[in-house]
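Q: Here it is, the structure, as structure tokens.
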Amino acid sequence: MIKIITTITNPKIKFNSKEEFKNFFATNLANEKTDPLRVYNFKLMEKYGEKFFYLIFEKPNTGRLNHIYLTEEEYLESIPLRNAQKHKFENLGILYHVSEPQIINDRVMTKEEYYSLHTHNLVPLDIKIDVDHFLLEIEKYPNYFQRWGDKYKEYPRYAIPLVNLNGKIDNIDDPACYPLDRWNFLQKNIEKTPENFTNFIQNISHFEKDNLFEYDFTVKTELMDLSSLKPLNKIKEFMTRSCILKWDTMGHLLPHFDTWHPAKWLRLWGTTNPENMRLRYKIKGVKGNTINKITGDMEHYETEKNIEPGRLYLHDSLQWHDAFAIEDNVYQFFISLNLNSIDTIRKSMRI
Ligand SMILES: [Fe+2]
């Protein structure tokens with residue numbers, strides 16, 4: 001992959017936000033429907049995934065456009081379009097600096113690769129944990145389950161790490177047992193308002209090194225030695241941030257997504273008690289009675305059926321989904337894998 005960073009500064013105007021900055025350029029200088037570089041890049045975003053292109057805004061008037069091309073041909077084709085845009089912007093007094101091309105070797109999945117695996121919301125794998133055996137073993141760890149995150153403490157959601165940053169199970173505030181977007185947000189010097197959080201998660205990029213992502217967590221905890229978890233051995237070497245969730249009645253997660261294009265990890269999910277656990281995915285284009293607090297939309301979600309206790313599933317966590325427990329002591333296997341696991345997972349698929 002080849003990355004180009006274009007730094008644009010408008011010395012005449014001070015912008016209060018990235019949105020203002022973006023709107024100014026989109027409205028006055030580079031319309032997404034007519035500007036040749038933007039039209040070209042949009043086609044590639046559509047094909048490979050929108051997060052190959054992102055803007056970082058620096059107050060008061062500078063934007064860094066990050067364009068990542070998958071092939072040399074696609075990069076080469078963008079050069080004259082960028083030169084033309086530079087010429088146009090500079091004539092209008094805008095500073096426009098183009099970086100040298102940088103080679104990026106991050107392993108990512110394109111949309112095509114992603115959907116060749118995620119053919120359903122949940123794809124069953126040939127990995128199954130014996131639930132009775134697991135319940136007997138996990139009973140020995142009641143004091144190590146910690147609250148999931150800093151919000152919604154009125155709801156009983158707990159977790160214990162399988163793979164985290166240091167292999168310990170008694171960390172206070174372990175980011176492996178936390179909504180990771182929220183964890184990253186809390187580390188930033190930003191006012192902790194819902195608007196700022198929404199803005200933060202919409203602008204996060206895993207091509208930048210300023211946040212923790214699933215693949216940063218690689219140290220196994222002693223929980224991985226439970227004999228009931230031996231079925232995980234075939235994916236153990238690929239496991240990144242993973243934990244066991246324990247929910248009691250009313251434990252839930254509101255509509256969210258955990259992955260985006262281009263994906264840099266896979267997610268597996270399973271539960272000990274599917275009768276008392278609902279995992280629901282959004283049905284696109286249908287209005288419903290579930291509020292999406294991130295977008296403000298009223299949406300329709302449907303519960304996944306025929307889930308087997310203890311079985312692991314490849315989970316399409318790029319789709320909006322929510323989840324809730326209607327009984328106590330419902331466990332979930334919340335597992336992420338690095339992309340070296342793709343062949344193993346493909347072979348483990350049962351459909
Ligand atoms: Fe999720």
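In the structure tokens, the first chain shown is A, the next is B, and so on; residue numbers restart at 1 for each chain, and ligands run from 1 in the order shown.
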Which neighbours of Asn41 of chain A fall inside 12 Å, counting only C-alpha atoms, when residues of the same chain fewer than 5 positions from it are skipped, and could you give them as a PyMOL selection string?
A: chain A and resi 32-36+46-54+65-70+74-75+77-79+81-82
Q: Sorted by chain and rising residue number, list the residues of segment 164-227 of chain A at most 10 Å from segment 328-342 of chain A (counting only C-alpha atoms), each with its closest atom pair and distance in Å to one decimal, as JSON lines.
A:
{"residue": "A:Cys177", "atom": "CA", "partner": "A:Phe334", "partner_atom": "CA", "distance": 9.9}
{"residue": "A:Glu214", "atom": "CA", "partner": "A:Ser336", "partner_atom": "CA", "distance": 6.7}
{"residue": "A:Tyr215", "atom": "CA", "partner": "A:Asn338", "partner_atom": "CA", "distance": 6.2}
{"residue": "A:Asp216", "atom": "CA", "partner": "A:Asn338", "partner_atom": "CA", "distance": 9.9}
{"residue": "A:Phe217", "atom": "CA", "partner": "A:Ser336", "partner_atom": "CA", "distance": 9.6}
{"residue": "A:Thr218", "atom": "CA", "partner": "A:Asn338", "partner_atom": "CA", "distance": 9.7}
Q: I'd like a table as a tab-separated table: residues in chain A with an atom no more than 7 Å from ligand 1, each row giving the shortest atom pair and its distance in Å to one decimal, only C-alpha atoms and all ligand atoms counted, sorted by chain and rising residue number.
A:
residue	atom	partner	partner_atom_place_in_ligand_line	distance
A:His256	CA	ligand 1	1 (Fe)	6.3
A:Phe257	CA	ligand 1	1 (Fe)	5.6
A:Asp258	CA	ligand 1	1 (Fe)	5.4
A:Ser317	CA	ligand 1	1 (Fe)	5.8
A:His321	CA	ligand 1	1 (Fe)	6.4
A:Asp322	CA	ligand 1	1 (Fe)	6.9
Q: Write the residues of the preceding selection, restricted to N, CA and C atoms, as a PDB file, in the first residue's frame.
A:
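Written output follows (selection22.pdb):
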ATOM      1  N   HIS A 256     -24.131  -0.733  18.320  1.00  0.00           N
ATOM      2  CA  HIS A 256     -22.756  -0.290  18.083  1.00  0.00           C
ATOM      3  C   HIS A 256     -22.149  -1.163  16.991  1.00  0.00           C
ATOM      4  N   PHE A 257     -20.975  -0.812  16.539  1.00  0.00           N
ATOM      5  CA  PHE A 257     -20.193  -1.709  15.684  1.00  0.00           C
ATOM      6  C   PHE A 257     -18.771  -1.696  16.205  1.00  0.00           C
ATOM      7  N   ASP A 258     -18.010  -2.733  15.891  1.00  0.00           N
ATOM      8  CA  ASP A 258     -16.667  -2.869  16.467  1.00  0.00           C
ATOM      9  C   ASP A 258     -15.570  -2.855  15.421  1.00  0.00           C
ATOM     10  N   SER A 317     -18.957  -8.038  13.018  1.00  0.00           N
ATOM     11  CA  SER A 317     -19.113  -6.929  13.966  1.00  0.00           C
ATOM     12  C   SER A 317     -18.985  -5.571  13.286  1.00  0.00           C
ATOM     13  N   HIS A 321     -25.029  -3.802  15.775  1.00  0.00           N
ATOM     14  CA  HIS A 321     -25.653  -4.882  16.541  1.00  0.00           C
ATOM     15  C   HIS A 321     -25.826  -4.451  17.982  1.00  0.00           C
ATOM     16  N   ASP A 322     -26.727  -5.124  18.682  1.00  0.00           N
ATOM     17  CA  ASP A 322     -26.848  -4.914  20.118  1.00  0.00           C
ATOM     18  C   ASP A 322     -27.015  -6.280  20.779  1.00  0.00           C
TER      19      ASP A 322
END
Q: Near Leu180 of chain A, within 10 Å and counting only C-alpha atoms, which residues show up once chain neighbours fewer than 6 positions away are dropped, as a PyMOL selection string?
A: chain A and resi 149+186+211-214+241+258
Q: Let me see the file: selected residues, C-alpha atoms, as a PDB file, in the first residue's frame.
A:
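Written output follows (selection_7.pdb):
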ATOM      1  CA  GLY A 149     -16.287   0.039  31.345  1.00  0.00           C
ATOM      2  CA  LEU A 186     -11.005   8.571  28.034  1.00  0.00           C
ATOM      3  CA  ASN A 211      -5.021   4.545  20.034  1.00  0.00           C
ATOM      4  CA  LEU A 212      -5.083   0.972  21.286  1.00  0.00           C
ATOM      5  CA  PHE A 213      -6.565  -1.560  18.886  1.00  0.00           C
ATOM      6  CA  GLU A 214      -7.369  -5.248  19.191  1.00  0.00           C
ATOM      7  CA  ARG A 241      -7.771  -8.738  22.772  1.00  0.00           C
ATOM      8  CA  ASP A 258     -16.667  -2.869  16.467  1.00  0.00           C
TER       9      ASP A 258
END
Q: Determine, counting only C-alpha atoms, which protein, DNA and RNA residues have an atom within 10 Å of an atom of Tyr155 of chain A; residues of the same chain fewer than 3 positions away are not included. Present the result as a VMD selection string.
A: chain A and resid 147 to 148 151 to 152 158 247 to 253
Q: Could you dump the residues just selected with C-alpha atoms as a PDB file, in the first residue's frame?
A:
ATOM      1  CA  ARG A 147     -17.124  -4.152  35.557  1.00  0.00           C
ATOM      2  CA  TRP A 148     -17.310  -3.584  31.817  1.00  0.00           C
ATOM      3  CA  LYS A 151     -20.638   3.740  32.132  1.00  0.00           C
ATOM      4  CA  TYR A 152     -23.992   2.040  32.757  1.00  0.00           C
ATOM      5  CA  TYR A 158     -18.565  -8.097  33.935  1.00  0.00           C
ATOM      6  CA  TRP A 247     -23.853 -10.777  32.241  1.00  0.00           C
ATOM      7  CA  ASP A 248     -26.750 -11.012  34.614  1.00  0.00           C
ATOM      8  CA  THR A 249     -30.345 -10.088  33.819  1.00  0.00           C
ATOM      9  CA  MET A 250     -30.460  -6.709  32.015  1.00  0.00           C
ATOM     10  CA  GLY A 251     -26.793  -6.775  31.088  1.00  0.00           C
ATOM     11  CA  HIS A 252     -26.682  -5.328  27.592  1.00  0.00           C
ATOM     12  CA  LEU A 253     -24.841  -3.398  24.920  1.00  0.00           C
TER      13      LEU A 253
END
Q: Let's see if you can do this: from backbone DSSP, list all helix (DSSP H, G or I) residues in segment 23-263 of chain A, as a PyMOL selection string.
A: chain A and resi 23-28+36-48+50-52+72-91+111-117+131-138+142-144+175-177+180-187+194-202+214-216+222-225+227-236
Q: Could you give me, as an NGL selection string, the residues within 9 Å of segment 103-119 of chain A, counting only C-alpha atoms and dropping anything in the same chain fewer than 2 positions from it?
A: :A and (1-3 or 46-49 or 68 or 101 or 121-123 or 207 or 261-265 or 314-316 or 339-340 or 342 or 345-346 or 349)
Q: Considering only C-alpha atoms, can you say which of A:Thr295, A:Thr290, A:Leu232, A:Tyr96 comes closest to Glu195 of chain A?
A: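 Answer, going by the shortest atom-to-atom distance: A:Thr295.
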Q: Enter the distance from atom CA of Gly270 of chain A to atom CA of Leu136 of chain A, in Å, rounded to one decimal.
A: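 Going from atom CA of Gly270 of chain A over to atom CA of Leu136 of chain A covers 17.5 Å.
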Q: Work out how far atom CA of Leu266 of chain A is from atom CA of Pro175 of chain A, in Å to one decimal.
A: 18.2 Å
Q: Could you tell me which of A:Gln319, A:Asn171, A:Asn306, A:Thr221 comes closest to Pro255 of chain A if we count only C-alpha atoms?
A: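 The shortest atom-to-atom distance to Pro255 of chain A comes from A:Gln319.
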Q: Please identify which residues in segment 112-209 of chain A DSSP calls strand (DSSP E) from the backbone, and express them as a PyMOL selection string.
A: chain A and resi 122-128+146-147+157-164
Q: Find the residue from A:Ile291, A:Leu44, A:Val219, A:Ile235 that sits nearest to Leu125 of chain A; use only C-alpha atoms when measuring.
A: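 Selected residue with least distance to Leu125 of chain A: A:Ile235.
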Q: Just give me the gap between atom CA of Glu302 of chain A and atom CA of Asp130 of chain A in Å, one decimal is fine.
A: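 Separating atom CA of Glu302 of chain A from atom CA of Asp130 of chain A is a distance of 27.2 Å.
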